[in-house]
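To start, the structure under review is shown below, and the notes come after it.
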Amino acid sequence: MTATAAPERPAQLSLRRILPPVVTGQEIVLLGVLVVLWVLLGIFTPAFLTPGSIGPLLVQVAPIALVGVGMTFVILTAGIDVSVAAMIMVSAVTTAQLLVAFDLPAVLALLVAIAVGLALGALNGVLVGYGRVHPIIITFGTANIFQWIGLRVFDSSTVNGIPGTLDFLGRGSEGSTLGVPHAFVIAVVAVAVAWWFLRYAKAGRNLYAIGGNQNAARLAGIKVQPRLVVVYAVTGALAGLAACMMIASGTSTLDQSVGSGKELQVIAAVVIGGTSIIGGRGSVVGTLLGAILVQTVVSGVTQLGWPTQLGFLFVGIFILIAVGTDLIRERARRRA
Amino acid sequence: TSRNDTGETAAPGATDGASAEGLTIAFVPKLQGIPYFEAMNTGGQQAAEELGFEWLYQGPTTADAAAQADIVRSFIQQGVDVLFVAPNDPNSMAPLLQEAQDAGIHVATTDTDAPDSVREVFVNQASVEGIGQALTDTLLEAMGGSGKYAIVSCGETAANLNAWIEVQEEYTASEYPDAEIVDVVYAGEDQAMATQMATDLMNSNPDLTGLVGECTSSAPGVAQAVEDAGRTGEVFTVGLGTPQSMLPYLESGSSSGSILWDVEALGYLTGWAGMQLANDGDLGDLSGVDNEALTAVEYDEASGVLLLGPPTVFTAENAGDYDY
Amino acid sequence: MTDTAQRLEPAPQATPRLEMRDISKRYGGVRAIRHADITVRPGTVHALVGENGAGKSTLIKILAGAERPDTGTIAIDGEPVSIHATTDAIALGVQTVYQEPQLFPELTVAENFFVGREITRGPTIDWRAQAPRMLELLDTVGLDRSLASQPLGALSIAKQQQVSIAKALLERASILILDEPSAILTDAEIEVLFGVVRRLAADGVSIIYISHRLDELFRIADEVTIMRDGETVSSQPIGELSVREIAERMVGGEIAEGVREAREHGEPVLELEHLTLEGAFTDVSFSVRAGEVVGLYGLVGSGAAEVGEVVYGMRRATSGRMRAAGDERHPANPSEAKRRGIRMVPANRSSQGSFSFQSIAFNITIGSLGLLSRLPGWVSPKAERRVSDDLIRRLAVKTPSGKQPIGAMSGGNAQKVVLARQIVEQPELLVLAEPTQGVDVGAKEEIHRIIADLAERGAAVLVITTDLAEVQRIADRILVFRSGRVAREFPPSATQASLLAAAAGAVDEPGETLTGQPAPAAQPDAPTDIRSTETGEEPR
Amino acid sequence: MTAVTTTPTDQRRGAAGGIRDWFASGVLKDRAALLLGLIIVLLVVMSILDAVGATSGRFNSDYLASSLIAFVPLALLALAELFVIVSGRGGIDLSVGSMVSLTGIVFAMLYQQVGLPLPVAIVLGVLFGAVLGAINGFLTAYLGYPALITTLATFYAYRSIALVVSDQRPISGPEISAFYDAAKAVELPVIGGSLPLVPLGVVTFLLPVAIVAWFVLNRTTFGRKLYAIGTNDTAAQWAGIDTRRTRMMAFVTAGALSGLVGVYTVAQFASARPDAGTAGSGMALPAITIAVLGGVAITGGIGRLGGILLAALLIVWLNASILLVVPGNEGAQAQLLALGVVLLGASLLSNATIRRRQASGLTKPVSVPATAPGSR
Ligand SMILES: Nc1ncnc2c1ncn2[C@@H]1O[C@H](COP(=O)(O)OP(=O)(O)OP(=O)(O)O)[C@@H](O)[C@H]1O
Ligand SMILES: Nc1ncnc2c1ncn2[C@@H]1O[C@H](COP(=O)(O)OP(=O)(O)OP(=O)(O)O)[C@@H](O)[C@H]1O
Ligand SMILES: [Mg+2]
Ligand SMILES: [Mg+2]
């Protein structure tokens, strides 16, 4: 019988061969592209590679990367969340108003923001998990509703005179230690934790399973729906934290425009990072690099003195390049 | 079925007598919820109470010509007597104003004009030149009459912002030979974007000593960027910012001045002009009005422009007096 | 069989391993199962048979916790149990291999083993603990250990099926459910499977084995329960029945044997000379004449399937000549093949064949839209109804109307529709891959008749199958494929043994191969040989 | 427990038949019915509010008709989304708004600045839109980019190109202002006298397109192929359909429709705005929302024209009604709430098609209560 006929083989397999590689090709490609870009910008602009320039850039990146972590989870489960911008808006305005009204301590402000985001995200999760409607539809719907909530809270005015409570997350000098912005550190920590979680934790690996074949995951005994609720809730919470960063890096007034258009930027960062939009494959490190890439391009165009409207043309092109290389490698992998 | 209803509902507007009784004046801003237009609303309501007409205010949630048109249409349907619009897109508003007039409504513009339209009057906060020059003068006074500066504008397509920018360019070239505008960037209505772009500009032009925030969202943005970069006193900023949002920066010195005008007064003037239109009153004489903010008002019969007066320069001293 | 007989010894009154009583299940208006009873004794292999839609899968889904029964009781080892979720079933020692492998293409084979029941240290997965057991199981089902680190998506369907079987052995089960495990396995792989099943049974595990290949049941099963229209019709030791009796009880009527009498063949319609596709098959030469049915028999991965795909233009041959429907050019794609009168029925009904929530009419006509109106590019509903109704009648598709979505049909009928699509216009050359895989006996019978009928009308037919009985039944000539080559040609009269031998490469008299050069002599490690060729196979 | 009595079998056929007919007749028609119901409810409620004087303006046919000017672009773009989404494989087009902006600018340049005759300029504008769509299509169908990514990229790219080529200034002029007549409300010929003024665009743009689109979707082989590749791409290949070309054509169609909307918005705004399709939240998300609300299954293969038109009509009239009922800023805000609630409500109510595809059994990608056994 075959079993017996099978020749002898090492009894152990090294983990590296069972788990996905530590760094994906996509991450290497992105890193390469980034290095090249930064070098070029360093050459062609006077001050791109100075702390005064990189610092603020990373502060700008932080919220995108942070929400990107959640969005990566969501897209891994073959979902998508187009309501993040609206969630940012709601928790930003709520927090800002409380800061002005009660001069909350930073910790409390953070908790409030995160709690608000968590609540909204959980609503998304419940609807996605139990509503049996495609996530893009659910989150389109909730996005509109969240926006309405946000506008009601704004109550047709801006929030003025926001205290500097959260400045330790901002662009200013309080915002960074030894030139390293705290906001960015937080984002990096979040990415690191997520990376570990997705690679080694049971719950993390199961997300890939859910994204790869939801029905099979259910039959394998994974509680799919609760997991989805958590995933969307976490995204909401991260959006809340990102909202604090935006308050901090923004001016002393907050207006309705907060967060607008961020959902597409976040999705752009995630897909540039090599996460497959159909789920089951992706990495948070890629997302971080993607977020940095997008912001580099936008800032780079400004610093080069080119018309700023060109910035997003390049973002578009980079999306195609990044995903293109991923497609090519994917084909190669399938052939091999 | 009811083709003529509109005519009937609109009739009052056309026939209504001289009194302000039952007079309804509507105002459609470019965008709701921003302090600038909400302040105009306040001024308008104040006028309504004092002069005794009904003041309606409704704006789109995004600065979007189509959304604005829907609201204008609903006001036409409501058969208001006078309709004021601050058009997002003057061209697209023109035909709608025509429709409104055909429905027997007095139409007018405020804050932003729709030049080749049937509007009866344009309530102008300040002349394009006035604003452009005030911005330039205030900034260059701080910069010591020379140096490089850049402009952080907002919506790429905003007509009046682009007009002001043109004036600034010409005026700087002619009046301040040693000064130069190195770049004009567009941040949309997004404060964070404005701040980031200002930061980028300072980095890419180390010898930059001035920044202009061309609209109410980028004015505080550029000041914030200067503060964050810790270059208050080296890089000077001015902008068109509402007093409340600029106050902290005026006090910290990161903003050398905010060029604007008494927005509530502008709203008041708009309301008053509306009443005059409805009663075929003379837009020239404000005798009936006691509002010290409206002393400098001029009316130009020919162009049908009602000018609030020269722009105000807000400083740390006076900015606190305004609650918007 | 003999050891089977011995295992039947234990006294009947021993408490049964599983007792499902009076199980009923409705889906909307459909009564999937009605008062079904089944009793499985410890250490026995219990076959569950029935036509498509008889309720087999549903019954076992209920036991596996994938569906909830409306009524009925389940007792395991005499203890009444309630199974609400798959996890409950697993906890009770019920392991299930579902009809279609329920796996995760993006995860590695190793990970697929443990999804949902990982061995953890704290929150993290403990691979040191997991790896060894998994590797053993790969050996057990005859899979190469090196596959452990492969993404599952890169494996052939058959291998994936084997993985899901191995997976089911991970935890000591008291009841193992296999729902049509053999449908996509080659005979060699089935042998391995049987070995595993026998060993488990010997250890006292009870196995519920669903299959449409009735003949194989006699080699593995101790008892058989027959289902029809959601009811359990009968249940007894399988020795008491013949294949024919079982088949008749399944359909509740007589089945006529379809015999194919030899007849004159016309001109060659398909001629292959030294055709080669890298990694699939090499130097293949044969021809099919008008009115002739040629059977390509080979194990999965033998390369036979790819031959069909090349002929139909799904793939490009790397070298060699091909003359199809009087044209030297290799068809660039199926649409070109179609234009030349070449049609092919794909192997996988659901993923390659059906437009699930479109109507039957849509499914039948979609391959011949040209017929649906005189002016090109246009579609006339009348013509559509005419064409589809005609084929529904011709192929005796069991449906009240062409409006019904194909997704609502069982395998047999769905297969007929997919077949119908390719014979709307009488094809000059018809290629069929696994035309009756997983189709119940009744439908199988009818499909074979249809194929024969097409040949009668002058079509050249190439049937590519891994089903021995089938190829014997319908082919005028049988080409046995092995390791990407035509190993030998047989007449339909050849014995199953010799066919299987040629396919597995066990026995092979040199000189008798079509391709001339002596085929490799009998090898002791034949299966390894097969594996090595399969690994060269390209995943779809 | 041997032979089956025929009665239950018959009952099964009956029951299963009922469900089958319901399914075959389509959850889509269901959706259309739902939307129609909602529209009627809206009209009734509003008429009552109007009667009791709870509305700030008369709610009458004139108002409903005049608000249709916003109906045209919304419906056309939702239709564009229908083609792309139905083509399956995660088909979706985020770039329609940008295409509208860009084609609008190009059209205005050709018409206003180059001075081409109007029909020529319109045709070229639409063709240009088709080219933009072809780029999306090529990237997606032939190079294998996921549609969401392709169109996210081109959304950014087209948008910035529109701003750059127009030097971010709206293009306007006498000709274009006159072109507003193509969109403005007029009296329809012959029967017009008895009807309210209908925006001309409904007749000149929407109606013809809708009729053509209906035939394309239901009476042409392209339509069949479109639904086929959306339902099961692999099976479509095996059926000998050129899936890439079909999918490409879906995007080209979407591009052409966006181009048409680009031209229309020029008329509607009496100027070509480089941000016409991207201002505020942009036109793409509403279009997708309308398509989904109209019963298009985001997973492909399902979607009908009628649903789209009804969905667009519902939203346009709902928005118009809200403005009459809710005064001040709350009015415009309430529109957001309404859209969200309607979308969620409708999808959660009748999501049967999608549910069948995702959830049900272990067997087929989709399955419905079967009849095969019952009907024998
Ligand atoms: N999820 C479902 N929804 C509705 N009806 C279903 C569902 N699953 C099964 N059915 C019904 O239950 C009956 C039995 O289905 P089942 O899959 O058990 O048949 P089967 O015996 O497994 O057929 P096959 O041999 O083709 O696998 C079918 O006729 C069908 O009508
Ligand atoms: N999830 C489901 N929903 C509705 N009906 C189903 C479902 N699953 C199976 N059925 C019905 O059960 C019957 C048998 O289903 P099944 O999928 O087992 O057939 P099949 O697997 O194609 O047959 P076979 O596998 O024996 O060829 C069919 O009538 C099918 O419509
Ligand atoms: Mg089956
Ligand atoms: Mg089954």
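Residue numbering restarts at 1 in every chain; chains get A, B, ... in the order shown in the structure tokens, and ligands count up from 1 in that same order.
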| request: May I ask you to write as a ChimeraX atom specification all residues lying at most 12 Å from ligand 4, with only C-alpha atoms and all ligand atoms counted? | output: /C:32,48-61,97-100,178-181,183,209-212,227,230,409-412,438-440 /D:361-364
| said: Set the cut-off to 10 Å and count only C-alpha atoms: what are the residues of chain B that reach chain A? Output as a ChimeraX atom specification. | reply: /B:32-39,61-62,156,182-206,217-230,244-249,324
| request: Determine which residues of segment 15-257 of chain D receive a DSSP assignment of strand (DSSP E), computed from the backbone, and state them as a list in words. | output: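 DSSP on the backbone gives strand (DSSP E) at Ala185, Val186, Val198 and Pro199 of chain D.
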Could the residues in this selection be written to a file with N, CA, C and O atoms, as a short mmCIF file (atom, residue, chain, number, x, y, z; two decimals), in the first residue's frame?
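The resulting result-v4.cif:
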```
data_model
loop_
_atom_site.label_atom_id
_atom_site.label_comp_id
_atom_site.auth_asym_id
_atom_site.auth_seq_id
_atom_site.Cartn_x
_atom_site.Cartn_y
_atom_site.Cartn_z
N ALA D 185 -36.12 72.39 -17.90
CA ALA D 185 -37.48 71.86 -17.98
C ALA D 185 -38.23 72.49 -19.14
O ALA D 185 -38.14 73.69 -19.37
N VAL D 186 -38.94 71.68 -19.89
CA VAL D 186 -39.71 72.20 -21.02
C VAL D 186 -41.07 71.51 -21.05
O VAL D 186 -41.30 70.50 -20.39
N VAL D 198 -41.23 68.86 -17.77
CA VAL D 198 -40.27 67.80 -17.48
C VAL D 198 -38.90 68.25 -17.96
O VAL D 198 -38.77 68.77 -19.06
N PRO D 199 -37.87 68.07 -17.12
CA PRO D 199 -36.53 68.42 -17.57
C PRO D 199 -36.22 67.69 -18.88
O PRO D 199 -36.38 66.48 -18.98
#
```
| Among segment 9-127 of chain B, which ones does DSSP place in helix (DSSP H, G or I), written as number ranges by chain? | B: 9-15, 35-51, 65-78, 90-102
| request: Give me, please, the distance in Å between atom CA of Ile302 of chain D and atom CA of Lys403 of chain C, quoted to one decimal. | output: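 Calculated distance between atom CA of Ile302 of chain D and atom CA of Lys403 of chain C is 15.4 Å.
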| said: When you count only C-alpha atoms and all ligand atoms, which of these residues is closest to ligand 1: C:Glu428, C:Asp229, C:Glu19, C:Glu111? | reply: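 Looking only at the distances to ligand 1, the closest residue turns out to be C:Asp229.
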| said: With only C-alpha atoms as the counted atoms, please give the residues lying no more than 8 Å from Leu250 of chain B, apart from itself and same-chain residues fewer than 5 positions off, as JSON, numbers by chain. | reply: {"B": [255, 256, 257, 315, 316]}
| message | List the spatial neighbours of segment 368-377 of chain C as a ChimeraX atom specification - criterion: any atom at most 8 Å away, only C-alpha atoms, same-chain residues fewer than 5 positions off excluded. | response | /C:383-384,421,424-425 /D:220-222
| query | Could you name the residues that touch segment 271-286 of chain B at 10 Å or less, counting only C-alpha atoms, but leaving out those on the same chain fewer than 3 positions away, as a PyMOL selection string? | reply | chain B and resi 13-20+23-27+40-41+43-48+50-55+81-84+105-108+120-123+265-268+289-291+294-295+297-301+304-306
Restricting the output to C-alpha atoms, write the selected residues as an mmCIF file, in the first residue's frame.
```
data_model
loop_
_atom_site.group_PDB
_atom_site.id
_atom_site.type_symbol
_atom_site.label_atom_id
_atom_site.label_comp_id
_atom_site.auth_asym_id
_atom_site.auth_seq_id
_atom_site.Cartn_x
_atom_site.Cartn_y
_atom_site.Cartn_z
ATOM 1 C CA GLY B 13 -43.573 87.477 -3.999
ATOM 2 C CA ALA B 14 -44.529 89.549 -6.984
ATOM 3 C CA THR B 15 -47.567 91.349 -5.666
ATOM 4 C CA ASP B 16 -46.810 91.664 -1.940
ATOM 5 C CA GLY B 17 -47.219 95.193 -0.618
ATOM 6 C CA ALA B 18 -44.661 97.526 0.935
ATOM 7 C CA SER B 19 -44.747 96.092 4.450
ATOM 8 C CA ALA B 20 -42.317 93.404 5.648
ATOM 9 C CA LEU B 23 -42.181 88.543 3.742
ATOM 10 C CA THR B 24 -39.930 85.503 3.388
ATOM 11 C CA ILE B 25 -36.276 85.858 2.456
ATOM 12 C CA ALA B 26 -34.236 82.703 1.822
ATOM 13 C CA PHE B 27 -30.480 82.305 1.755
ATOM 14 C CA MET B 40 -24.081 85.192 8.057
ATOM 15 C CA ASN B 41 -27.159 83.247 9.111
ATOM 16 C CA GLY B 43 -26.752 88.271 11.024
ATOM 17 C CA GLY B 44 -29.648 87.529 8.737
ATOM 18 C CA GLN B 45 -31.842 86.354 11.621
ATOM 19 C CA GLN B 46 -30.929 89.481 13.571
ATOM 20 C CA ALA B 47 -32.094 91.576 10.637
ATOM 21 C CA ALA B 48 -35.233 89.495 10.389
ATOM 22 C CA GLU B 50 -35.396 93.893 13.813
ATOM 23 C CA LEU B 51 -37.026 94.447 10.424
ATOM 24 C CA GLY B 52 -39.768 91.862 10.859
ATOM 25 C CA PHE B 53 -39.528 89.443 7.951
ATOM 26 C CA GLU B 54 -39.094 85.667 7.855
ATOM 27 C CA TRP B 55 -35.540 84.445 7.253
ATOM 28 C CA ASP B 81 -40.310 86.290 -1.905
ATOM 29 C CA VAL B 82 -36.560 86.870 -2.112
ATOM 30 C CA LEU B 83 -33.858 84.293 -2.780
ATOM 31 C CA PHE B 84 -30.189 84.877 -1.960
ATOM 32 C CA ILE B 105 -39.130 85.595 -7.002
ATOM 33 C CA HIS B 106 -36.621 88.368 -6.414
ATOM 34 C CA VAL B 107 -33.199 86.808 -6.921
ATOM 35 C CA ALA B 108 -29.863 88.068 -5.646
ATOM 36 C CA GLU B 120 -30.920 92.002 -9.044
ATOM 37 C CA VAL B 121 -28.153 92.748 -6.590
ATOM 38 C CA PHE B 122 -24.897 91.249 -5.381
ATOM 39 C CA VAL B 123 -24.181 91.859 -1.705
ATOM 40 C CA ALA B 265 -22.970 92.406 9.384
ATOM 41 C CA LEU B 266 -22.790 90.907 5.908
ATOM 42 C CA GLY B 267 -25.660 88.615 6.818
ATOM 43 C CA TYR B 268 -27.595 91.561 8.234
ATOM 44 C CA VAL B 289 -30.839 100.951 9.760
ATOM 45 C CA ASP B 290 -28.983 101.472 12.998
ATOM 46 C CA ASN B 291 -26.053 99.029 12.823
ATOM 47 C CA LEU B 294 -22.914 99.052 8.227
ATOM 48 C CA THR B 295 -21.549 102.592 8.119
ATOM 49 C CA VAL B 297 -21.793 100.444 2.922
ATOM 50 C CA GLU B 298 -21.813 101.700 -0.669
ATOM 51 C CA TYR B 299 -24.265 100.864 -3.437
ATOM 52 C CA ASP B 300 -23.255 100.958 -7.074
ATOM 53 C CA GLU B 301 -26.415 101.334 -9.131
ATOM 54 C CA GLY B 304 -25.893 96.380 -8.883
ATOM 55 C CA VAL B 305 -23.243 95.704 -6.257
ATOM 56 C CA LEU B 306 -23.948 96.474 -2.605
#
```
| query | Once you count only C-alpha atoms, which residues of chain D turn out to be within 8 Å of chain A? Could you give them as a PyMOL selection string? | reply | chain D and resi 90+144-146+148-150+152-161+163-164+281+285+289+292+298+329-330+333-334+336-337+339-341+343-344+347-348+351+354-355+358-359+362
| task | Identify every residue of chain C that has at least one atom within 6 Å of any atom of chain D, counting only C-alpha atoms, and report the result as a ChimeraX atom specification. | result | /C:29-30,53,233,334-335,352-353,355-356,367,377-379,404,407-409
| said: Just want the 12 Å neighbourhood of segment 213-215 of chain C, counted on only C-alpha atoms, with same-chain residues fewer than 3 positions away dropped. Output as a PyMOL selection string. | reply: chain C and resi 47-51+179-185+187+190+209-210+218-221+224+226+238+241-248+250+436-441+444+466-470
| said: Contacts from chain C to chain A, 6 Å maximum, only C-alpha atoms: show me the residue list as an NGL selection string. | reply: :C and (86-87 or 102 or 104 or 116 or 123-125 or 139-140 or 142 or 149)
| task | Please report as number ranges by chain which residues of chain B come no farther than 8 Å from chain D, using only C-alpha atoms. | result | B: 1-3, 5-6, 9, 32-33, 56-66, 70-71, 73-75, 77-79, 89, 91-93, 95, 156-157, 159
Save out the residues we just selected, N, CA and C atoms, as an mmCIF file, in the first residue's frame.
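Ended up saving to part14.cif:
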```cif
data_model
loop_
_atom_site.group_PDB
_atom_site.id
_atom_site.type_symbol
_atom_site.label_atom_id
_atom_site.label_comp_id
_atom_site.auth_asym_id
_atom_site.auth_seq_id
_atom_site.Cartn_x
_atom_site.Cartn_y
_atom_site.Cartn_z
ATOM 1 N N THR B 1 -50.671 68.115 -14.389
ATOM 2 C CA THR B 1 -51.859 68.460 -13.584
ATOM 3 C C THR B 1 -51.806 69.926 -13.156
ATOM 4 N N SER B 2 -50.911 70.218 -12.247
ATOM 5 C CA SER B 2 -51.033 71.505 -11.544
ATOM 6 C C SER B 2 -49.956 72.480 -11.976
ATOM 7 N N ARG B 3 -49.874 72.680 -13.271
ATOM 8 C CA ARG B 3 -48.831 73.553 -13.793
ATOM 9 C C ARG B 3 -48.848 74.921 -13.123
ATOM 10 N N ASP B 5 -49.877 75.959 -10.229
ATOM 11 C CA ASP B 5 -49.700 76.126 -8.777
ATOM 12 C C ASP B 5 -48.505 77.006 -8.485
ATOM 13 N N THR B 6 -47.412 76.679 -9.163
ATOM 14 C CA THR B 6 -46.189 77.437 -8.895
ATOM 15 C C THR B 6 -46.494 78.921 -9.031
ATOM 16 N N THR B 9 -48.465 80.052 -5.990
ATOM 17 C CA THR B 9 -47.666 80.112 -4.753
ATOM 18 C C THR B 9 -46.657 81.239 -4.855
ATOM 19 N N GLN B 32 -23.122 74.244 4.439
ATOM 20 C CA GLN B 32 -23.633 74.502 5.783
ATOM 21 C C GLN B 32 -22.588 74.113 6.832
ATOM 22 N N GLY B 33 -22.762 74.624 8.027
ATOM 23 C CA GLY B 33 -21.992 74.126 9.165
ATOM 24 C C GLY B 33 -20.622 74.748 9.325
ATOM 25 N N LEU B 56 -35.173 82.400 5.972
ATOM 26 C CA LEU B 56 -34.956 80.958 5.792
ATOM 27 C C LEU B 56 -33.513 80.715 5.392
ATOM 28 N N TYR B 57 -32.924 79.671 5.971
ATOM 29 C CA TYR B 57 -31.518 79.364 5.695
ATOM 30 C C TYR B 57 -31.358 77.865 5.541
ATOM 31 N N GLN B 58 -30.849 77.436 4.405
ATOM 32 C CA GLN B 58 -30.610 75.997 4.219
ATOM 33 C C GLN B 58 -29.436 75.807 3.264
ATOM 34 N N GLY B 59 -28.460 74.989 3.681
ATOM 35 C CA GLY B 59 -27.274 74.786 2.849
ATOM 36 C C GLY B 59 -26.953 73.315 2.678
ATOM 37 N N PRO B 60 -26.241 72.970 1.598
ATOM 38 C CA PRO B 60 -25.853 71.571 1.357
ATOM 39 C C PRO B 60 -24.774 71.118 2.342
ATOM 40 N N THR B 61 -24.668 69.801 2.511
ATOM 41 C CA THR B 61 -23.669 69.281 3.463
ATOM 42 C C THR B 61 -22.292 69.235 2.824
ATOM 43 N N THR B 62 -22.225 69.316 1.499
ATOM 44 C CA THR B 62 -20.918 69.409 0.842
ATOM 45 C C THR B 62 -20.968 70.556 -0.158
ATOM 46 N N ALA B 63 -19.820 71.220 -0.339
ATOM 47 C CA ALA B 63 -19.772 72.381 -1.242
ATOM 48 C C ALA B 63 -19.914 71.907 -2.680
ATOM 49 N N ASP B 64 -21.138 71.549 -3.058
ATOM 50 C CA ASP B 64 -21.382 70.817 -4.293
ATOM 51 C C ASP B 64 -22.505 71.513 -5.058
ATOM 52 N N ALA B 65 -22.194 71.900 -6.271
ATOM 53 C CA ALA B 65 -23.142 72.707 -7.049
ATOM 54 C C ALA B 65 -24.488 72.005 -7.206
ATOM 55 N N ALA B 66 -24.451 70.700 -7.451
ATOM 56 C CA ALA B 66 -25.712 69.993 -7.689
ATOM 57 C C ALA B 66 -26.576 69.997 -6.432
ATOM 58 N N ASP B 70 -30.446 71.631 -5.806
ATOM 59 C CA ASP B 70 -31.655 70.987 -5.265
ATOM 60 C C ASP B 70 -32.321 71.904 -4.247
ATOM 61 N N ILE B 71 -31.510 72.491 -3.370
ATOM 62 C CA ILE B 71 -32.080 73.331 -2.307
ATOM 63 C C ILE B 71 -32.715 74.579 -2.911
ATOM 64 N N ARG B 73 -33.986 74.833 -5.757
ATOM 65 C CA ARG B 73 -35.239 74.401 -6.378
ATOM 66 C C ARG B 73 -36.345 74.309 -5.328
ATOM 67 N N SER B 74 -36.005 73.746 -4.167
ATOM 68 C CA SER B 74 -37.057 73.592 -3.144
ATOM 69 C C SER B 74 -37.532 74.971 -2.679
ATOM 70 N N PHE B 75 -36.638 75.962 -2.616
ATOM 71 C CA PHE B 75 -37.069 77.312 -2.220
ATOM 72 C C PHE B 75 -37.956 77.933 -3.290
ATOM 73 N N GLN B 77 -39.893 76.264 -5.134
ATOM 74 C CA GLN B 77 -41.176 75.593 -4.916
ATOM 75 C C GLN B 77 -41.930 76.224 -3.747
ATOM 76 N N GLN B 78 -41.184 76.611 -2.723
ATOM 77 C CA GLN B 78 -41.835 77.192 -1.549
ATOM 78 C C GLN B 78 -42.325 78.599 -1.842
ATOM 79 N N GLY B 79 -41.948 79.123 -3.006
ATOM 80 C CA GLY B 79 -42.425 80.445 -3.387
ATOM 81 C C GLY B 79 -42.026 81.524 -2.402
ATOM 82 N N ASP B 89 -21.026 77.430 -7.890
ATOM 83 C CA ASP B 89 -20.606 77.537 -9.279
ATOM 84 C C ASP B 89 -21.486 78.565 -9.975
ATOM 85 N N ASN B 91 -21.772 79.841 -12.859
ATOM 86 C CA ASN B 91 -22.381 79.517 -14.159
ATOM 87 C C ASN B 91 -23.628 78.673 -13.997
ATOM 88 N N SER B 92 -23.502 77.626 -13.139
ATOM 89 C CA SER B 92 -24.627 76.698 -13.049
ATOM 90 C C SER B 92 -25.791 77.345 -12.310
ATOM 91 N N MET B 93 -25.507 78.396 -11.513
ATOM 92 C CA MET B 93 -26.594 79.022 -10.768
ATOM 93 C C MET B 93 -27.419 79.945 -11.667
ATOM 94 N N PRO B 95 -28.859 79.878 -14.689
ATOM 95 C CA PRO B 95 -30.169 79.464 -15.215
ATOM 96 C C PRO B 95 -31.204 79.239 -14.125
ATOM 97 N N GLU B 156 -9.797 73.714 -5.633
ATOM 98 C CA GLU B 156 -9.077 74.171 -6.825
ATOM 99 C C GLU B 156 -9.968 75.057 -7.687
ATOM 100 N N THR B 157 -11.275 74.819 -7.639
ATOM 101 C CA THR B 157 -12.150 75.489 -8.609
ATOM 102 C C THR B 157 -12.898 76.669 -8.011
ATOM 103 N N ALA B 159 -14.168 79.960 -7.416
ATOM 104 C CA ALA B 159 -13.981 81.140 -8.280
ATOM 105 C C ALA B 159 -13.379 82.307 -7.511
#
```
| said: Could you check the closest approach to ligand 1 for each of C:Val461, C:Val81, C:Ala36, C:Ile478 and tell me which residue wins, using only C-alpha atoms and all ligand atoms? | reply: C:Ala36
| task | Would you kindly return, as a list of chain:residue names, each protein, DNA or RNA residue with an atom no farther than 7 Å from any atom of Pro87 of chain B, considering only C-alpha atoms and excluding same-chain residues fewer than 3 positions away? | result |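 Counting only the stated atoms, we get B:Lys30, B:Pro90, B:Met93, B:Thr112.
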| field | Between atom CA of Gly179 of chain A and atom CA of Arg231 of chain B, distance in Å (one decimal) | value |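 If I compute the distance from atom CA of Gly179 of chain A to atom CA of Arg231 of chain B, I get 15.9 Å.
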